[in-house]
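What follows is a short report on a single structure.
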Amino acid sequence: MQWARSALQTLAVFGLMGIMGIVGAPLVLWSRVWTLWWMKLYVRWALAMTRIICGLHAEIRGPVPAGPAVVASKHQSLLDVLMLFHALPEPHFVMKRELVWVPVFGQYALRIGCIWVAREQRGQGQTMMRRLQKGWSGTGQIVIYPQGTRVPPATYKPYRRGAALAYAELGLPMVLAATNVGWFWPKSGIMRRRGTAVVEFLETLPPGLPRDQVMRRMETAIESASETLGVEAATLIGRAAAR
């Protein structure tokens, strides 16, 4: 039964993305502000459908950054993207180049100021910084996934320097974020488990810290908190399976 609900949720969430993307196309041409509003409306509906259809709730913990900041977050599935987009006032995601070519999605993402990088390209950190300095308005939150891709729970992947580089070059505070969404909405497949997925905002690193210290504190805090959230998620899933 949960698999059928998951299949329905997948059709509903991605079907709605296509429909709203086409209907809202004039907003992309007209206004960046209205484009952001339309995208946030879609995310609210997508999260609501996920909750109603699959019994999967989304919870934000910790103080949400309101001003300019670099948000360095754990990335486990599409769900943490939706949750961060919903929570942050003006998010600008650093995303892989392939997403630019996704119909509708890519055009919307670029319109609100998202920055693309070629993950396989040498010197991508400097390329990212040039695009940030050129395309960022100086407002909002720059969201960077330091591991560079979705990483399943209980799997380790080294942290890259992109978030620390943006933090140092732009002189912004860095807000760390952990998550356990991969336990409920995996990186691949359509199965969605019942429960409460969490994105938790952790400490804020003030501007000006040495890069090595930032890298160390970022990885330690995010991995430790994500592991704790993972234990919480596994417990919830185990209880649900035992019913």
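Quick note on naming: the chains in the structure tokens go A, B, ... in the order shown, residues restart at 1 in each chain, and ligands are numbered from 1 in order of appearance.
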Given only C-alpha atoms, how would the per-residue table for range 159-230 of chain A near range 57-61 of chain A read, listing every residue at most 7 Å away with its closest atom pair and distance in Å to one decimal, sorted by chain and number, as a Markdown table?
| residue | atom | partner | partner_atom | distance |
| --- | --- | --- | --- | --- |
| A:Gly195 | CA | A:His57 | CA | 6.1 |
| A:Thr196 | CA | A:His57 | CA | 4.6 |
| A:Ala197 | CA | A:Ala58 | CA | 5.0 |
| A:Val198 | CA | A:Glu59 | CA | 4.8 |
| A:Val199 | CA | A:Ile60 | CA | 5.1 |
| A:Glu200 | CA | A:Arg61 | CA | 4.5 |
| A:Phe201 | CA | A:Arg61 | CA | 6.1 |
Who sits within 9 Å of range 152-169 of chain A, only C-alpha atoms, same chain under 3 positions skipped, as a PyMOL selection string
chain A and resi 69-72+75-77+124-126+128-129+132+142-148+172-174+180-183+186-187+207-212+214-215+218-219+223+226-227+230
Write a file of the selected residues as an mmCIF file, in the first residue's frame, keeping C-alpha atoms.
data_model
loop_
_atom_site.group_PDB
_atom_site.id
_atom_site.type_symbol
_atom_site.label_atom_id
_atom_site.label_comp_id
_atom_site.auth_asym_id
_atom_site.auth_seq_id
_atom_site.Cartn_x
_atom_site.Cartn_y
_atom_site.Cartn_z
ATOM 1 C CA ALA A 69 24.566 33.939 4.295
ATOM 2 C CA VAL A 70 26.186 30.850 2.848
ATOM 3 C CA VAL A 71 24.120 27.822 3.823
ATOM 4 C CA ALA A 72 26.211 24.634 3.798
ATOM 5 C CA HIS A 75 22.095 16.684 0.707
ATOM 6 C CA GLN A 76 20.339 13.324 0.620
ATOM 7 C CA SER A 77 17.405 13.681 -1.792
ATOM 8 C CA GLN A 124 35.272 24.696 -10.716
ATOM 9 C CA GLY A 125 35.617 26.569 -7.396
ATOM 10 C CA GLN A 126 36.991 29.672 -9.084
ATOM 11 C CA MET A 128 31.652 29.176 -9.274
ATOM 12 C CA MET A 129 32.986 32.288 -7.574
ATOM 13 C CA LEU A 132 28.433 34.160 -7.920
ATOM 14 C CA ILE A 142 23.519 30.963 -1.138
ATOM 15 C CA VAL A 143 22.846 27.249 -0.650
ATOM 16 C CA ILE A 144 25.801 24.968 -1.315
ATOM 17 C CA TYR A 145 25.982 21.216 -0.803
ATOM 18 C CA PRO A 146 29.608 20.733 0.301
ATOM 19 C CA GLN A 147 29.717 17.087 -0.760
ATOM 20 C CA GLY A 148 28.662 18.110 -4.250
ATOM 21 C CA LEU A 172 29.407 36.130 4.680
ATOM 22 C CA PRO A 173 28.486 34.079 7.739
ATOM 23 C CA MET A 174 28.088 30.350 7.111
ATOM 24 C CA ASN A 180 17.813 12.841 7.677
ATOM 25 C CA VAL A 181 15.489 13.075 4.664
ATOM 26 C CA GLY A 182 17.250 10.220 2.852
ATOM 27 C CA TRP A 183 15.779 7.741 5.320
ATOM 28 C CA PRO A 186 15.795 8.033 -0.849
ATOM 29 C CA LYS A 187 18.191 9.313 -3.469
ATOM 30 C CA PRO A 207 32.908 35.700 8.777
ATOM 31 C CA GLY A 208 36.693 35.685 8.760
ATOM 32 C CA LEU A 209 37.612 32.288 10.155
ATOM 33 C CA PRO A 210 40.567 30.424 8.572
ATOM 34 C CA ARG A 211 39.506 28.155 5.732
ATOM 35 C CA ASP A 212 40.945 24.989 7.296
ATOM 36 C CA VAL A 214 35.828 26.269 8.541
ATOM 37 C CA MET A 215 36.223 23.009 6.627
ATOM 38 C CA MET A 218 31.575 22.322 8.810
ATOM 39 C CA GLU A 219 32.170 18.620 8.238
ATOM 40 C CA GLU A 223 28.025 14.828 9.838
ATOM 41 C CA SER A 226 22.970 14.196 10.448
ATOM 42 C CA GLU A 227 24.001 10.949 12.145
ATOM 43 C CA GLY A 230 19.476 9.417 11.187
#
Taking the DSSP secondary structure from the backbone, can you list the residues of range 23-224 of chain A that are helix (DSSP H, G or I), as a PyMOL selection string?
chain A and resi 23+25-30+32-54+78-87+97-101+105-111+124-135+162-170+181-183+211-224
Using only C-alpha atoms, which residues sit within 12 Å of Trp37 in chain A once same-chain residues fewer than 4 positions away are excluded, as a list in words?
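In the requested format, the answer is Gly24, Leu27, Val28, Ser31, Arg32, Val33, Leu41, Tyr42, Val43, Arg44, Phe85, His86, Pro89, Glu90, Pro91, Tyr108, Arg111 and Ile112 of chain A.
The coordinates place CA of Gly62 in chain A at 27.8 Å from CA of Met191 in chain A.
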DSSP says strand (DSSP E or B) for which residues of range 71-236 of chain A? Put them as a PyMOL selection string?
chain A and resi 71-73+91-96+115-117+141-144+174-179+195-205
Include N, CA, C and O atoms and write out the residues we just selected as a CSV table (one decimal), in the first residue's frame.
chain,number,residue,atom,x,y,z
A,71,VAL,N,24.7,29.0,3.1
A,71,VAL,CA,24.1,27.8,3.8
A,71,VAL,C,24.8,26.6,3.3
A,71,VAL,O,24.6,26.2,2.1
A,72,ALA,N,25.5,25.9,4.2
A,72,ALA,CA,26.2,24.6,3.8
A,72,ALA,C,25.4,23.5,4.4
A,72,ALA,O,25.3,23.4,5.6
A,73,SER,N,24.8,22.7,3.5
A,73,SER,CA,23.8,21.7,4.0
A,73,SER,C,24.2,20.3,3.5
A,73,SER,O,24.7,20.1,2.4
A,91,PRO,N,16.4,31.9,-1.4
A,91,PRO,CA,17.5,30.9,-1.7
A,91,PRO,C,18.0,31.0,-3.1
A,91,PRO,O,17.3,31.2,-4.0
A,92,HIS,N,19.4,30.9,-3.2
A,92,HIS,CA,20.1,30.8,-4.4
A,92,HIS,C,20.9,29.5,-4.4
A,92,HIS,O,22.0,29.5,-3.7
A,93,PHE,N,20.5,28.5,-5.1
A,93,PHE,CA,21.2,27.2,-5.0
A,93,PHE,C,22.4,27.2,-6.0
A,93,PHE,O,22.3,27.7,-7.1
A,94,VAL,N,23.5,26.6,-5.5
A,94,VAL,CA,24.5,26.2,-6.4
A,94,VAL,C,24.2,24.8,-6.9
A,94,VAL,O,24.2,23.9,-6.1
A,95,MET,N,24.0,24.6,-8.2
A,95,MET,CA,23.5,23.3,-8.7
A,95,MET,C,24.4,22.8,-9.9
A,95,MET,O,25.2,23.6,-10.5
A,96,LYS,N,24.3,21.6,-10.1
A,96,LYS,CA,25.1,21.0,-11.2
A,96,LYS,C,24.6,21.5,-12.6
A,96,LYS,O,23.4,21.7,-12.7
A,115,ILE,N,23.0,29.3,-9.3
A,115,ILE,CA,24.3,29.3,-10.0
A,115,ILE,C,24.7,27.9,-10.4
A,115,ILE,O,24.6,27.0,-9.5
A,116,TRP,N,25.1,27.6,-11.6
A,116,TRP,CA,25.4,26.3,-12.0
A,116,TRP,C,26.9,26.1,-12.1
A,116,TRP,O,27.7,27.0,-12.3
A,117,VAL,N,27.4,24.9,-11.8
A,117,VAL,CA,28.8,24.5,-11.9
A,117,VAL,C,28.9,23.2,-12.6
A,117,VAL,O,28.0,22.4,-12.6
A,141,GLN,N,20.2,33.9,0.4
A,141,GLN,CA,21.0,32.9,1.0
A,141,GLN,C,21.6,32.0,-0.1
A,141,GLN,O,20.8,31.5,-0.9
A,142,ILE,N,22.9,31.8,-0.1
A,142,ILE,CA,23.5,31.0,-1.1
A,142,ILE,C,23.6,29.6,-0.6
A,142,ILE,O,24.3,29.3,0.4
A,143,VAL,N,22.9,28.6,-1.2
A,143,VAL,CA,22.8,27.2,-0.7
A,143,VAL,C,23.8,26.4,-1.4
A,143,VAL,O,23.7,26.3,-2.7
A,144,ILE,N,24.8,25.8,-0.7
A,144,ILE,CA,25.8,25.0,-1.3
A,144,ILE,C,25.8,23.6,-0.6
A,144,ILE,O,25.8,23.6,0.6
A,174,MET,N,28.5,31.7,7.6
A,174,MET,CA,28.1,30.4,7.1
A,174,MET,C,27.2,29.7,8.1
A,174,MET,O,27.5,29.5,9.3
A,175,VAL,N,26.0,29.3,7.6
A,175,VAL,CA,25.0,28.6,8.4
A,175,VAL,C,25.1,27.1,8.0
A,175,VAL,O,25.0,26.8,6.9
A,176,LEU,N,25.3,26.2,9.0
A,176,LEU,CA,25.4,24.8,8.7
A,176,LEU,C,24.0,24.1,8.9
A,176,LEU,O,23.2,24.5,9.8
A,177,ALA,N,23.8,23.1,8.1
A,177,ALA,CA,22.5,22.4,8.1
A,177,ALA,C,22.6,20.9,8.0
A,177,ALA,O,23.4,20.5,7.1
A,178,ALA,N,21.9,20.2,8.8
A,178,ALA,CA,22.0,18.7,8.7
A,178,ALA,C,20.6,18.2,8.3
A,178,ALA,O,19.6,18.9,8.4
A,179,THR,N,20.5,16.9,8.0
A,179,THR,CA,19.2,16.4,7.6
A,179,THR,C,19.2,14.8,7.7
A,179,THR,O,20.3,14.2,7.8
A,195,GLY,N,6.6,9.2,8.3
A,195,GLY,CA,7.4,9.7,9.4
A,195,GLY,C,7.6,11.2,9.3
A,195,GLY,O,6.8,11.9,8.6
A,196,THR,N,8.6,11.7,9.9
A,196,THR,CA,8.9,13.1,9.9
A,196,THR,C,10.3,13.3,9.5
A,196,THR,O,11.2,13.0,10.3
A,197,ALA,N,10.5,13.9,8.3
A,197,ALA,CA,11.9,14.2,7.8
A,197,ALA,C,12.3,15.6,8.4
A,197,ALA,O,11.4,16.5,8.4
A,198,VAL,N,13.5,15.7,8.7
A,198,VAL,CA,14.0,16.9,9.4
A,198,VAL,C,15.2,17.5,8.6
A,198,VAL,O,16.1,16.8,8.2
A,199,VAL,N,15.1,18.9,8.5
A,199,VAL,CA,16.3,19.7,8.1
A,199,VAL,C,16.5,20.6,9.3
A,199,VAL,O,15.6,21.3,9.8
A,200,GLU,N,17.7,20.5,9.9
A,200,GLU,CA,18.0,21.2,11.1
A,200,GLU,C,19.1,22.2,10.8
A,200,GLU,O,20.2,21.9,10.4
A,201,PHE,N,18.9,23.5,11.1
A,201,PHE,CA,19.9,24.5,11.0
A,201,PHE,C,20.7,24.5,12.3
A,201,PHE,O,20.1,24.5,13.4
A,202,LEU,N,22.0,24.5,12.1
A,202,LEU,CA,22.9,24.3,13.3
A,202,LEU,C,23.6,25.6,13.6
A,202,LEU,O,22.9,26.7,13.5
A,203,GLU,N,24.8,25.6,13.9
A,203,GLU,CA,25.5,26.8,14.3
A,203,GLU,C,25.8,27.7,13.1
A,203,GLU,O,25.8,27.3,11.9
A,204,THR,N,26.1,29.0,13.4
A,204,THR,CA,26.5,29.9,12.4
A,204,THR,C,27.9,30.3,12.6
A,204,THR,O,28.3,30.8,13.7
A,205,LEU,N,28.7,30.1,11.6
A,205,LEU,CA,30.1,30.5,11.7
A,205,LEU,C,30.3,32.0,11.3
A,205,LEU,O,29.8,32.3,10.2
Kindly indicate which residue among A:Ser6, A:Thr35, A:Gln107, A:Ser188 lies nearest to Leu78 in chain A, using only C-alpha atoms for the distances.
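For Leu78 in chain A, the nearest of the candidates is A:Ser188.
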So that I can check the surroundings of Leu99 in chain A, please list as a PDB file with all heavy atoms, in the first residue's frame every protein, DNA and RNA residue that reaches within 9 Å of it, counting only C-alpha atoms and ignoring chain neighbours fewer than 6 positions away.
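The file below, result_39.pdb, is the result:
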ATOM      1  N   PHE A 105      12.283  23.551 -15.263  1.00  0.00           N
ATOM      2  CA  PHE A 105      13.022  23.701 -14.007  1.00  0.00           C
ATOM      3  C   PHE A 105      14.258  24.567 -14.191  1.00  0.00           C
ATOM      4  O   PHE A 105      14.523  25.472 -13.388  1.00  0.00           O
ATOM      5  CB  PHE A 105      13.422  22.326 -13.462  1.00  0.00           C
ATOM      6  CG  PHE A 105      14.311  22.398 -12.240  1.00  0.00           C
ATOM      7  CD1 PHE A 105      13.758  22.499 -10.974  1.00  0.00           C
ATOM      8  CD2 PHE A 105      15.695  22.378 -12.364  1.00  0.00           C
ATOM      9  CE1 PHE A 105      14.575  22.589  -9.852  1.00  0.00           C
ATOM     10  CE2 PHE A 105      16.512  22.466 -11.250  1.00  0.00           C
ATOM     11  CZ  PHE A 105      15.945  22.566  -9.996  1.00  0.00           C
ATOM     12  N   GLY A 106      15.047  24.277 -15.218  1.00  0.00           N
ATOM     13  CA  GLY A 106      16.289  25.011 -15.424  1.00  0.00           C
ATOM     14  C   GLY A 106      16.070  26.490 -15.631  1.00  0.00           C
ATOM     15  O   GLY A 106      16.807  27.327 -15.083  1.00  0.00           O
ATOM     16  N   ALA A 109      15.079  28.109 -12.280  1.00  0.00           N
ATOM     17  CA  ALA A 109      16.215  28.184 -11.363  1.00  0.00           C
ATOM     18  C   ALA A 109      17.146  29.336 -11.719  1.00  0.00           C
ATOM     19  O   ALA A 109      17.599  30.087 -10.843  1.00  0.00           O
ATOM     20  CB  ALA A 109      16.970  26.858 -11.369  1.00  0.00           C
ATOM     21  N   TRP A 116      25.063  27.630 -11.636  1.00  0.00           N
ATOM     22  CA  TRP A 116      25.423  26.263 -12.031  1.00  0.00           C
ATOM     23  C   TRP A 116      26.939  26.102 -12.088  1.00  0.00           C
ATOM     24  O   TRP A 116      27.674  27.049 -12.343  1.00  0.00           O
ATOM     25  CB  TRP A 116      24.780  25.888 -13.364  1.00  0.00           C
ATOM     26  CG  TRP A 116      25.250  26.667 -14.565  1.00  0.00           C
ATOM     27  CD1 TRP A 116      24.661  27.770 -15.103  1.00  0.00           C
ATOM     28  CD2 TRP A 116      26.386  26.382 -15.393  1.00  0.00           C
ATOM     29  NE1 TRP A 116      25.367  28.209 -16.209  1.00  0.00           N
ATOM     30  CE2 TRP A 116      26.434  27.369 -16.402  1.00  0.00           C
ATOM     31  CE3 TRP A 116      27.377  25.394 -15.368  1.00  0.00           C
ATOM     32  CZ2 TRP A 116      27.423  27.388 -17.380  1.00  0.00           C
ATOM     33  CZ3 TRP A 116      28.362  25.416 -16.344  1.00  0.00           C
ATOM     34  CH2 TRP A 116      28.383  26.404 -17.338  1.00  0.00           C
TER      35      TRP A 116
END
Interatomic distance (Å, one decimal) between CA of Ile22 in chain A and CA of Leu110 in chain A
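Result for CA of Ile22 in chain A versus CA of Leu110 in chain A: 15.7 Å, one decimal.
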Pick the closest to Val13 in chain A from A:Val100, A:Leu29, A:Ala87, A:Ile190: which is it, counting only C-alpha atoms?
A:Ile190
Any idea what's packed within 9 Å of Cys54 in chain A, counting only C-alpha atoms, ignoring anything in its chain fewer than 6 positions away? Could you give it as a list in words?
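Those residues are Gln2, Arg5, Ser6, Leu8, Gln9, Arg192, Arg193, Arg194 and Gly195 of chain A.
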